[in-house]
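Reading through the C-alpha cells given below for one structure.
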Amino acid sequence: MARLFKPRMLALAVLAALASRAHAEPAAAPARAEVLHWWTSGGESAAARTLADAFRAAGGTWIDTAVAGSEQARAVAVSRVAGGNPPTAALFNASRQFRDLVDQGQLTALDDVARQGGWDRVMPPAILDAVRVNGHVYAAPVDIHMTAWIWYSKAAFKKAGIAAEPRSVEELFQALDRLRAAGLIPLAHGGQPWQDSIVFRAVLASVGGRDLYLRVFRDRDPRAIESPEFRQVLLTFRRLHGYVDAGSPGRHWNDATGLLVAGRAGVQIMGDWVRAEFSAARQRAGVDYGCLPGLGEHAPYVIQADAFVFPKNRDAATARTQALLATTVTSPAVQVSFSSRKGSLPVRSDVELPSPDPCVALAAALMRDRARQLPNDEMFLTPDQAGAMADVLTAYWNRDMPVETVQKKVVAALRDDL
Amino acid sequence: MRRASASVGRIVLHALVVLAALGVLLPLYVMIVTSLKSMDEIRSGALFALPQAPSLAAWKDAWSHACTGLACDGLHAGFANSLWIAVPSTLVAVALGALNGYVLALWRPRGSNLLFGLLMIGAFIPVQVMMYPLVRALGAVGLVGSLPGIVVVHVIFSMPLMTLLFRNYYAALPVELFNAARIDGAGFWTTWTLVLLPMSAPMLAVAAIMQVTGVWNDYLLGLVFAGHELAPMTVQLNNLINTTTGTRNYGVDMAATLLTSLVPLLVYFASGRWFVRGITAGALRG
Amino acid sequence: MRATWAARAALVPVALTALLGYLGSTLWTAQMSVTASRTLPSDHFVGMAQYVRLFSNERWLLSLDNLLLYGVLFISACLLAGSVLAILVDREIAARGWLRQIFLYPYAMSFIATGAVWQWILNPTDGIQAVGRALGFSAFRFDWIVDPDRVLLTIVIATAWQASGFVMAILLAGLSGVDPDLWRAARIDGIPTWRVYTSIVLPQLGYAFATALVLLLTGVVKLYDAVVAMTQGGPGTASEVPTKFIMDHLYGRANLGLASAGAIVLLVTVLALLAPFLYARTRAAASIA
C-alpha cells in the first residue's frame, strides 16, 4: 500500500503538470474568448447563442462559462480575477459593481471600440455614464431592461370591473381595492429582497418623481431622505404591502406572474423579463395582459443594462480578442437578434425591433424620450450601499415600523463607504 | 393482559415508525411526482397530487436538452465531470485521513495534540470564509480551474472529518496489536499497510461514503475551483434551477435535482448498512 | 512509543493543511478585517473601524441572535428525533433495514437539491396548510415560513430532517454496544421498555451523543445553503445568518473588509464556546492513551 500510495501522488503531480499545460495553451490562441455570464434559462440561452454565433462569424471562438444568478456569476468573476485566472469577458450590470476592478487597473479600456461604434451617438447617456470612469469606457452594454413595469391581467381587471388603466397612485389603490373585493389577490408579489426593491423604485419614480429619485440615489442627500415627500414614498410603498397574499414571502417572480396568468391575481410590478413568462403560458400582450411603464402620462421609468467587462490579461492578443468581442456584441444586427430573443431592448437607438408586441412597441417609443429615463440605483450606489438599502427596504416591507425610523435607516445605509 | 398490552404497544410502535418514515419521505415524494407532471399541471397547484398523465419528458429534458448556459444538452456532461472529480478526491482524502489517524492515534509525535486541535477548529470554519485566500493561494501556483486544484481543495476541506474518523477508530483498537507488530520489527509503513489497513474496512467504508456524497453534493468549490471544462453536475443543476430573470420549468427542475442526487442516494441506499456498521465499529470511542 | 521520522513525514500534508490552509486563511482574514478592502484586497489600514460598523449593523446582530436560537433548536431537535428514530429502529420490527435507509437518505441530499421542495411544502398557499384546508380544516394554519417570528423554525425542520438520520446512525452504533445482560435484567425486574431506554440505556451513550453534538455544531456554524435555498434570509431579514452576511459582503456587496471582520467575530465566538469542550476531550483522549 505504501508503494501504491507514492505512485498515486506521482500520478497526481503528472496530472497537475498536464492540466496546467493544457490550460496555458488556449490562452495563447488569438481569438478564443471565455465568456462568463448568467444567462442560463431557455430564452436567455437562445439570446446568448446569437452573440456566440456572431462572434464566430467574426472569426472568434466563444468558450461558454455560465453561472446562474447574477450575484453568483459576478462572485466567480471577481474570484477568478483575484486568483489571476480571469475570463476573457464577464457579464456585470452597467453600474458601480466593477468600479473597484477599474480602480485597481484590472479591466481593459474600450475607448477605441466605443468611438468606432459611435456609442456616444446611439446609447442612452445614463448607460454610458455607468460604464465610463474618468473619461474611459470600461464595459460594453448589451441590452436595456426597464425594471419597473406595472403588469396586469386583463381577465382579473374585467372580473373586478376595472374599466380603465390606473393613471395615478390613487387610481392604482382603487383598482387594488376592487380586485380584493372581487376575491382576487390584488398585488402578485414575490417577497424576495430584490423584488421588494423593484417595487420601491417604481413607487419612488412614480410618486416621488424624477428629482427626488436623483436626490436620494445620486446625491444621497439626507435632507431629501428626511423630507415629507420621501416619507410619503415610504408610506405608499408600505401601503402596497397590504395588497399581497400570505404566500408572497420568498416567492419567485415567475410564480407571481403565474398568478396573473391564472387570473388569480391582478397586478405585478416587475421588469420586462416577465413577458417571457407570459409567452411561455401562451398569453399575448394587449389581449391577455396589459403593461404600464409608470403611473401617469409623464411618469419616469427606471432602466438598467447588462454589460460585459474585459479583465486584463498578460497576453497581448487577449486585448484584440476582447475588442473584437465588444465590437461584435454591440453591433446593430447583433443587437436586434439578441434583444428580440432576450426580451430586452437594444442598447442602440439606431435599430428597430421587427414586429414588436404592444408592450415592446411602447417601450421602444419611450426609450426615445430620454428625459423620462432614470438610472437604476446601482448606477449611483456602491454595491455595499445598494445592498444595505435593500436590507432596509425588505425589512420595512415585511415588518411595519415608524416611518421616521426607516428614514434614519436609509440615511445610514447610503452613507459613505469606509 | 400482559400479552394484549404488549401487542398494543407493538401496533403503536409500528404506527409511529410508519408515520415517521412517511414524513421523512414526503419531500422525495413531492420531487418525484412533480418531475412527472406538465408545467400546466404544476401551475394549477396541487402539490401532493399524483400526476394526471405521468410523463418522463421532464427527465429526458433534464438529462439531455435543458439549457444550462449556451449549451442546451442537459446535465449529462456534468455527470462525467462529477465522477472525474469525486473519485480522486475520495481516494486521496480517505488515504490521507487514514494515514493521519494512524499517526495521531498510535505514534503521537510531539505537537500531535496541537495539530489535531487546530484541525478540529478548522472543521468549524465555514468554507465561504476560506474561499478568498484559497483562491489567491492556488491562483499563485496556477491550480485554479484544474483537476488537481479542485482535488486539493476537496482534500483540504475534508481533512478534519477524515482524520477524526480514523484517529478515533485506531485509538479504539487494542494497543497490543500495534505493539506486537512493532516487536516483530515491522516499520512505520508496514505496520500501517499490513496490520492496520486490513482491519480498517468498516471505517474506510464510512469515510468513503461521507466523502463521495460530500464531494458530489458540493457546489461552491466546484464552481470556483474546477473551471468551466470540469464544472461538476451541481453547477449545471444550479444553472438550471436558479435563474434570476429567466423562466422556470419546475418539472425539469425536479427531474434534474433527482438526477443529480442519484449517485449519493444510491450510495446511501446501497451501503447504508455498511455506514451504520462502520460507525459501530469504533468511530465513537476516543 | 517514540515517533519515527516516517511518522513525522507522514503528517506533512495534514500539517500544511492546518497551518497554511486553516491558520493561514484565518490570519489573512484577520489582516483584511483591519483594512478598507472592497472588491479586492487593499492595505489601507483602518483599525477597528470595520468592527465598529459590524456591531452597528442590525442585520449582523440579528444574524448572531438567529444563529444562537437556531443552534439550540436544531441540536435539540436532531438529538431528540435521532434518539427516537434509533430506538424505533433498534426494536425488533419488520423491515428495519429498509427503515434505517429511509431515515438516512436525507443526509445524502444537499439543499441546492431539496431547498425548492421545502419551500413549496411549507408555503401556506401550496403546501401542507393548503392540503389541511382542502380537507375541511378551514382554520388550519401552517404558515411559519412567511411569518418573520417563526421562519427560523422552518429552517430547523428542514435541516433536522436532513441530519436526524445521521444522528440516528451514530446512536444505533452506540446502542449495539449496550450489554445484552442489561436488557435481561430489566425484563426480569419488569421495568417498562421506555424506562429502560430513558433511564439506563441512553445515559450510557455519552460518547455517541458527544460525537453527534460536535458534528451538529459544525453544521450550525456553517448554516448557509438551507437558508439561501429556502428563504433567502427572509421574510425581510428575519432568517439571516452570519455566513450569509459574510458571503453577501464578500462578493455581491464588494466589502471584503467588513466580511472579514464578520468572519473573525464568528470564529472567535465559536472558539470561545468550544474551547472548554475541546480541551476536555483532548485531555480525555490523552489520558486514555
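All residue names refer to the C-alpha cells as shown: chains lettered A, B, ... in order, residues numbered from 1 in each chain, ligands numbered from 1 in order.
Near Arg141 of chain C, within a cut-off of 9 Å and counting only C-alpha atoms, sit the residues Pro124, Ile128, Gln129, Ala130, Gly132, Arg133, Ser138 and Trp144 of chain C, with same-chain residues fewer than 3 positions away left out.
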Generate a file of the selected residues that holds C-alpha atoms, formatted as a PDB file, in the first residue's frame.
```pdb
ATOM      1  CA  PRO C 124     -49.187  28.303   3.007  1.00  0.00           C
ATOM      2  CA  ILE C 128     -49.351  21.492   3.916  1.00  0.00           C
ATOM      3  CA  GLN C 129     -51.629  24.326   5.017  1.00  0.00           C
ATOM      4  CA  ALA C 130     -53.464  24.259   1.697  1.00  0.00           C
ATOM      5  CA  GLY C 132     -55.219  20.813   5.542  1.00  0.00           C
ATOM      6  CA  ARG C 133     -57.739  23.403   4.467  1.00  0.00           C
ATOM      7  CA  SER C 138     -60.569  25.768   7.402  1.00  0.00           C
ATOM      8  CA  TRP C 144     -44.317  29.646   9.596  1.00  0.00           C
TER       9      TRP C 144
END
```
Next on the checklist: If the cut-off is 6 Å, can you tell me the residues of chain C near chain A, counting only C-alpha atoms? I'd like them as a count of residues only.
Outcome noted: 12
Checklist entry - segment 142-159 of chain B: which residues within 8 Å, counting only C-alpha atoms, same-chain residues fewer than 2 positions away excluded, as a VMD selection string? => result (chain A and resid 12 15 to 16 19 to 20 23 83 85) or (chain B and resid 85 88 to 90 92 to 93 96 to 97 119 123 127 135 138 to 140 161 to 163 211 215 221 to 222 224 to 228 230) or (chain C and resid 14 17 21)
Item to check | Within 10 Å of segment 239-244 of chain B using only C-alpha atoms, minus same-chain residues under 5 positions, as a ChimeraX atom specification | outcome: /A:38-42,44,66-71,252-254,273 /B:62,66-69,74-75,233-234,249-250,252-254,256-257 /C:112-113,116,229
Next on the checklist: Could you go through segment 111-360 of chain A and tell me which residues DSSP, when run on the backbone, assigns to alpha helix (DSSP H), listing them as a ChimeraX atom specification?
Outcome noted: /A:111-116,119-122,125-131,154-159,169-181,193-203,209-217,222-225,228-241,253-261,274-280,316-330,332-342,358-360
Checklist entry - Could you write out as a ChimeraX atom specification the residues of chain B within 7 Å of chain C, counting only C-alpha atoms? => result /B:17,21,24,27,31,45,47,100,103,107-109,115,118-119,122-126,128-130,133,156,188,213,217,257,261,264-265,268-269,272,276,279-280,284-286
Write the selection just made, keeping N, CA and C atoms, as a compact mmCIF listing (two decimals), in the first residue's frame?
```txt
# COMPACT_ATOMS: atom_id res chain seq x y z
N VAL B 17 -43.49 4.29 13.60
CA VAL B 17 -42.40 4.14 12.65
C VAL B 17 -42.88 4.47 11.25
N ALA B 21 -41.55 7.46 8.88
CA ALA B 21 -40.96 7.17 7.57
C ALA B 21 -41.68 7.96 6.47
N VAL B 24 -40.57 11.54 6.56
CA VAL B 24 -39.22 11.71 6.03
C VAL B 24 -39.22 11.58 4.50
N PRO B 27 -40.67 14.92 1.15
CA PRO B 27 -40.01 15.76 0.13
C PRO B 27 -39.62 14.97 -1.12
N MET B 31 -40.90 15.62 -4.97
CA MET B 31 -39.98 15.80 -6.09
C MET B 31 -40.32 14.84 -7.22
N GLY B 45 -51.34 23.83 -9.22
CA GLY B 45 -51.04 23.95 -7.80
C GLY B 45 -51.34 22.80 -6.86
N LEU B 47 -49.90 20.30 -5.17
CA LEU B 47 -48.52 19.88 -4.91
C LEU B 47 -48.40 18.39 -4.64
N ASN B 100 -3.25 9.94 8.63
CA ASN B 100 -3.21 10.90 9.74
C ASN B 100 -3.71 10.25 11.02
N VAL B 103 -1.11 7.95 12.52
CA VAL B 103 -0.01 8.63 13.21
C VAL B 103 -0.51 9.29 14.50
N TRP B 107 1.26 6.84 16.95
CA TRP B 107 2.66 7.29 17.05
C TRP B 107 2.77 8.54 17.91
N ARG B 108 1.80 9.39 17.80
CA ARG B 108 1.72 10.58 18.62
C ARG B 108 3.05 11.35 18.72
N PRO B 109 3.61 11.80 17.59
CA PRO B 109 4.81 12.64 17.70
C PRO B 109 4.47 13.94 18.42
N LEU B 115 -1.80 19.91 16.71
CA LEU B 115 -2.19 19.77 15.31
C LEU B 115 -3.64 19.32 15.21
N LEU B 118 -5.99 22.10 16.13
CA LEU B 118 -6.08 23.07 15.03
C LEU B 118 -7.01 22.55 13.93
N LEU B 119 -6.86 21.26 13.67
CA LEU B 119 -7.69 20.64 12.64
C LEU B 119 -9.16 20.68 13.03
N GLY B 122 -10.48 23.93 12.50
CA GLY B 122 -10.71 24.07 11.06
C GLY B 122 -12.07 23.56 10.64
N ALA B 123 -12.56 22.52 11.34
CA ALA B 123 -13.86 21.95 11.00
C ALA B 123 -14.98 22.97 11.20
N PHE B 124 -14.71 23.99 11.99
CA PHE B 124 -15.75 24.98 12.27
C PHE B 124 -15.64 26.22 11.39
N ILE B 125 -14.63 26.27 10.55
CA ILE B 125 -14.50 27.45 9.68
C ILE B 125 -15.37 27.25 8.46
N PRO B 126 -16.35 28.12 8.24
CA PRO B 126 -17.19 27.96 7.06
C PRO B 126 -16.35 28.06 5.78
N GLN B 128 -16.98 29.33 3.08
CA GLN B 128 -17.04 30.65 2.45
C GLN B 128 -15.91 31.55 2.92
N VAL B 129 -15.56 31.40 4.21
CA VAL B 129 -14.57 32.28 4.80
C VAL B 129 -13.18 32.01 4.21
N MET B 130 -12.94 30.74 3.86
CA MET B 130 -11.60 30.39 3.37
C MET B 130 -11.46 30.55 1.86
N PRO B 133 -8.85 33.61 0.40
CA PRO B 133 -7.42 33.31 0.50
C PRO B 133 -7.01 32.07 -0.30
N ILE B 156 -8.42 19.36 1.32
CA ILE B 156 -8.21 20.29 2.44
C ILE B 156 -9.47 20.37 3.32
N PHE B 188 7.21 1.63 10.21
CA PHE B 188 6.07 2.55 10.19
C PHE B 188 5.05 2.19 9.10
N THR B 213 -20.29 11.48 -1.03
CA THR B 213 -21.51 12.29 -1.05
C THR B 213 -21.17 13.76 -0.85
N ASN B 217 -22.08 16.44 -3.69
CA ASN B 217 -23.07 17.49 -3.42
C ASN B 217 -22.47 18.89 -3.41
N THR B 257 -32.87 17.73 -10.35
CA THR B 257 -32.45 17.58 -8.96
C THR B 257 -32.30 16.11 -8.59
N SER B 261 -28.97 13.99 -7.59
CA SER B 261 -28.86 13.36 -6.28
C SER B 261 -28.76 11.84 -6.38
N PRO B 264 -25.40 10.04 -4.81
CA PRO B 264 -25.38 9.94 -3.34
C PRO B 264 -26.53 9.11 -2.79
N LEU B 265 -27.71 9.19 -3.39
CA LEU B 265 -28.83 8.39 -2.89
C LEU B 265 -28.53 6.90 -3.04
N TYR B 268 -26.04 5.74 -0.51
CA TYR B 268 -26.60 5.52 0.83
C TYR B 268 -27.53 4.32 0.87
N PHE B 269 -28.37 4.17 -0.16
CA PHE B 269 -29.29 3.04 -0.13
C PHE B 269 -28.53 1.73 -0.27
N GLY B 272 -25.84 1.92 3.11
CA GLY B 272 -26.23 2.45 4.41
C GLY B 272 -25.94 1.47 5.53
N VAL B 276 -23.73 2.31 8.98
CA VAL B 276 -24.04 2.13 10.40
C VAL B 276 -23.05 1.15 11.04
N ILE B 279 -19.66 2.88 11.64
CA ILE B 279 -19.68 3.77 12.79
C ILE B 279 -19.67 2.94 14.06
N THR B 280 -20.45 1.83 14.04
CA THR B 280 -20.49 0.95 15.20
C THR B 280 -19.11 0.41 15.52
N LEU B 284 -16.87 5.87 17.59
CA LEU B 284 -17.42 6.70 18.65
C LEU B 284 -16.53 6.80 19.86
N ARG B 285 -15.57 5.91 19.94
CA ARG B 285 -14.75 5.95 21.14
C ARG B 285 -13.59 6.90 20.96
N GLY B 286 -13.08 7.40 22.01
CA GLY B 286 -11.88 8.21 21.92
C GLY B 286 -12.12 9.70 21.91
```
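With distances taken over only C-alpha atoms, A:Leu51 is the one residue among A:Leu51, A:Leu324, A:Ala90, A:Ala109 lying closest to chain B.
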Find the spatial neighbours of Phe173 of chain A, counting only C-alpha atoms, within a cut-off of 12 Å - ignore same-chain residues fewer than 4 positions away - and output them as an mmCIF file with C-alpha atoms, in the first residue's frame.
```cif
data_model
loop_
_atom_site.group_PDB
_atom_site.id
_atom_site.type_symbol
_atom_site.label_atom_id
_atom_site.label_comp_id
_atom_site.auth_asym_id
_atom_site.auth_seq_id
_atom_site.Cartn_x
_atom_site.Cartn_y
_atom_site.Cartn_z
ATOM 1 C CA ILE A 162 -61.970 47.882 -13.651
ATOM 2 C CA GLU A 165 -55.818 51.507 -16.632
ATOM 3 C CA PRO A 166 -54.824 53.360 -13.434
ATOM 4 C CA ARG A 167 -53.079 56.653 -14.188
ATOM 5 C CA SER A 168 -52.239 57.796 -10.696
ATOM 6 C CA VAL A 169 -51.317 56.238 -7.378
ATOM 7 C CA ASP A 177 -59.276 47.578 -3.663
ATOM 8 C CA ARG A 178 -61.674 46.450 -6.378
ATOM 9 C CA LEU A 179 -59.530 43.421 -7.131
ATOM 10 C CA ARG A 180 -59.653 42.473 -3.479
ATOM 11 C CA PRO A 186 -54.649 42.385 -5.719
ATOM 12 C CA LEU A 187 -50.857 42.506 -5.962
ATOM 13 C CA THR A 236 -47.015 54.352 -0.163
ATOM 14 C CA PHE A 237 -44.525 51.512 -0.550
ATOM 15 C CA ARG A 239 -49.261 50.545 1.930
ATOM 16 C CA LEU A 240 -48.811 48.312 -1.128
ATOM 17 C CA HIS A 241 -47.789 45.501 1.217
ATOM 18 C CA GLY A 242 -51.379 45.406 2.400
ATOM 19 C CA TYR A 243 -52.397 44.052 -1.009
ATOM 20 C CA GLY A 266 -54.458 41.429 -10.741
ATOM 21 C CA VAL A 267 -51.194 43.349 -10.766
ATOM 22 C CA LEU A 295 -48.306 55.868 -13.376
#
```
Checklist entry - Near segment 296-303 of chain A, within 10 Å and counting only C-alpha atoms, which residues show up once chain neighbours fewer than 5 positions away are dropped, as a PyMOL selection string? => result chain A and resi 124+126-127+144-149+165-169+198+201-202+204-207+209-210+213+271+363+366-367+369-377+379
Given the selection you just returned, output its residues as a file containing N, CA and C atoms, formatted as a compact mmCIF listing (two decimals), in the first residue's frame.
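Result file result13.txt:
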```txt
# COMPACT_ATOMS: atom_id res chain seq x y z
N PRO A 124 -28.03 55.44 -24.61
CA PRO A 124 -28.56 56.40 -23.65
C PRO A 124 -27.45 56.92 -22.74
N ALA A 126 -27.44 57.78 -19.70
CA ALA A 126 -27.42 57.17 -18.37
C ALA A 126 -26.58 55.90 -18.37
N ILE A 127 -26.74 55.10 -19.42
CA ILE A 127 -25.99 53.85 -19.51
C ILE A 127 -24.51 54.14 -19.75
N ILE A 144 -30.88 46.75 -22.73
CA ILE A 144 -31.51 47.63 -21.76
C ILE A 144 -32.75 46.93 -21.24
N HIS A 145 -32.88 46.93 -19.93
CA HIS A 145 -34.11 46.42 -19.33
C HIS A 145 -34.83 47.57 -18.64
N MET A 146 -36.14 47.61 -18.81
CA MET A 146 -36.94 48.51 -17.99
C MET A 146 -37.42 47.67 -16.82
N THR A 147 -37.01 48.07 -15.62
CA THR A 147 -37.12 47.12 -14.50
C THR A 147 -38.38 47.27 -13.67
N ALA A 148 -39.18 48.31 -13.91
CA ALA A 148 -40.30 48.52 -13.01
C ALA A 148 -41.61 48.77 -13.75
N TRP A 149 -41.98 47.84 -14.59
CA TRP A 149 -43.29 47.90 -15.24
C TRP A 149 -44.39 47.52 -14.26
N GLU A 165 -57.12 51.70 -17.28
CA GLU A 165 -55.82 51.51 -16.63
C GLU A 165 -55.60 52.62 -15.61
N PRO A 166 -55.07 52.31 -14.43
CA PRO A 166 -54.82 53.36 -13.43
C PRO A 166 -53.76 54.34 -13.94
N ARG A 167 -54.02 55.63 -13.71
CA ARG A 167 -53.08 56.65 -14.19
C ARG A 167 -52.46 57.46 -13.06
N SER A 168 -52.85 57.12 -11.84
CA SER A 168 -52.24 57.80 -10.70
C SER A 168 -52.17 56.78 -9.55
N VAL A 169 -51.44 57.15 -8.51
CA VAL A 169 -51.32 56.24 -7.38
C VAL A 169 -52.69 55.95 -6.78
N ILE A 198 -37.50 46.48 -6.38
CA ILE A 198 -38.09 46.91 -7.65
C ILE A 198 -39.39 47.67 -7.41
N ARG A 201 -38.54 51.12 -6.12
CA ARG A 201 -38.07 52.06 -7.14
C ARG A 201 -39.22 52.54 -8.01
N ALA A 202 -40.17 51.63 -8.29
CA ALA A 202 -41.35 52.04 -9.06
C ALA A 202 -42.12 53.12 -8.32
N LEU A 204 -40.93 55.13 -5.91
CA LEU A 204 -40.12 56.34 -5.81
C LEU A 204 -40.19 57.14 -7.12
N ALA A 205 -40.12 56.44 -8.25
CA ALA A 205 -40.16 57.14 -9.53
C ALA A 205 -41.54 57.75 -9.78
N SER A 206 -42.59 56.96 -9.53
CA SER A 206 -43.94 57.43 -9.87
C SER A 206 -44.49 58.41 -8.84
N VAL A 207 -44.25 58.16 -7.58
CA VAL A 207 -44.82 59.02 -6.53
C VAL A 207 -43.88 60.16 -6.18
N GLY A 209 -41.17 61.14 -7.98
CA GLY A 209 -40.76 61.89 -9.16
C GLY A 209 -39.26 61.87 -9.38
N ARG A 210 -38.90 62.37 -10.56
CA ARG A 210 -37.53 62.31 -11.02
C ARG A 210 -36.54 63.00 -10.07
N TYR A 213 -35.96 61.13 -6.81
CA TYR A 213 -35.24 59.89 -7.12
C TYR A 213 -33.74 60.17 -7.20
N GLY A 271 -39.81 43.67 -13.85
CA GLY A 271 -39.11 44.07 -15.06
C GLY A 271 -39.66 43.43 -16.32
N ALA A 363 -42.40 50.39 -25.14
CA ALA A 363 -41.08 50.57 -24.53
C ALA A 363 -40.12 51.24 -25.51
N LEU A 366 -40.90 54.83 -25.77
CA LEU A 366 -40.49 55.53 -24.55
C LEU A 366 -39.00 55.81 -24.53
N MET A 367 -38.24 54.85 -25.03
CA MET A 367 -36.79 54.99 -24.96
C MET A 367 -36.30 56.24 -25.70
N ASP A 369 -37.68 59.08 -25.44
CA ASP A 369 -37.90 60.22 -24.55
C ASP A 369 -36.93 60.14 -23.38
N ARG A 370 -35.70 60.60 -23.60
CA ARG A 370 -34.65 60.37 -22.61
C ARG A 370 -34.86 61.15 -21.33
N ALA A 371 -35.69 62.20 -21.41
CA ALA A 371 -35.94 63.00 -20.21
C ALA A 371 -36.66 62.18 -19.15
N ARG A 372 -37.33 61.12 -19.57
CA ARG A 372 -38.07 60.31 -18.60
C ARG A 372 -37.24 59.16 -18.04
N GLN A 373 -36.05 58.97 -18.58
CA GLN A 373 -35.23 57.84 -18.12
C GLN A 373 -34.62 58.10 -16.75
N LEU A 374 -34.67 57.10 -15.90
CA LEU A 374 -33.96 57.18 -14.63
C LEU A 374 -33.02 55.98 -14.53
N PRO A 375 -31.77 56.21 -14.13
CA PRO A 375 -30.86 55.07 -13.99
C PRO A 375 -31.24 54.24 -12.76
N ASN A 376 -31.04 52.94 -12.87
CA ASN A 376 -31.23 52.06 -11.73
C ASN A 376 -30.32 52.52 -10.58
N ASP A 377 -30.74 52.29 -9.34
CA ASP A 377 -29.97 52.83 -8.21
C ASP A 377 -28.52 52.34 -8.20
N MET A 379 -26.47 52.21 -10.44
CA MET A 379 -25.54 53.02 -11.25
C MET A 379 -24.95 54.14 -10.40
```
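Considering only C-alpha atoms, the residue among C:Val196, C:Ala77, C:Val52, C:Ile188 positioned nearest to Thr154 of chain C is C:Ala77.
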Item to check | Nearest candidate to Gln268 of chain A (options A:Gly343, A:Asp221, A:Glu229, A:Ala188; using only C-alpha atoms) | outcome: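 Of the candidates, the smallest distance to Gln268 of chain A is held by A:Ala188.
Nearest residue to chain A, choosing from B:Pro198, B:Gly278, B:Pro51, B:Gly251 and counting only C-alpha atoms: B:Pro198.
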Checklist entry - Residues at most 9 Å from Gln116 of chain A, counting only C-alpha atoms, excluding those fewer than 4 positions away in the same chain, as a list in words? => result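 Final neighbour list, sorted by chain and number: Asp111, Asp112 and Thr327 of chain A.
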Item to check | Pairwise distance for atom CA of Pro174 of chain B and atom CA of Ala95 of chain B, rounded to one decimal in Å | outcome: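 Separating atom CA of Pro174 of chain B from atom CA of Ala95 of chain B is a distance of 21.7 Å.
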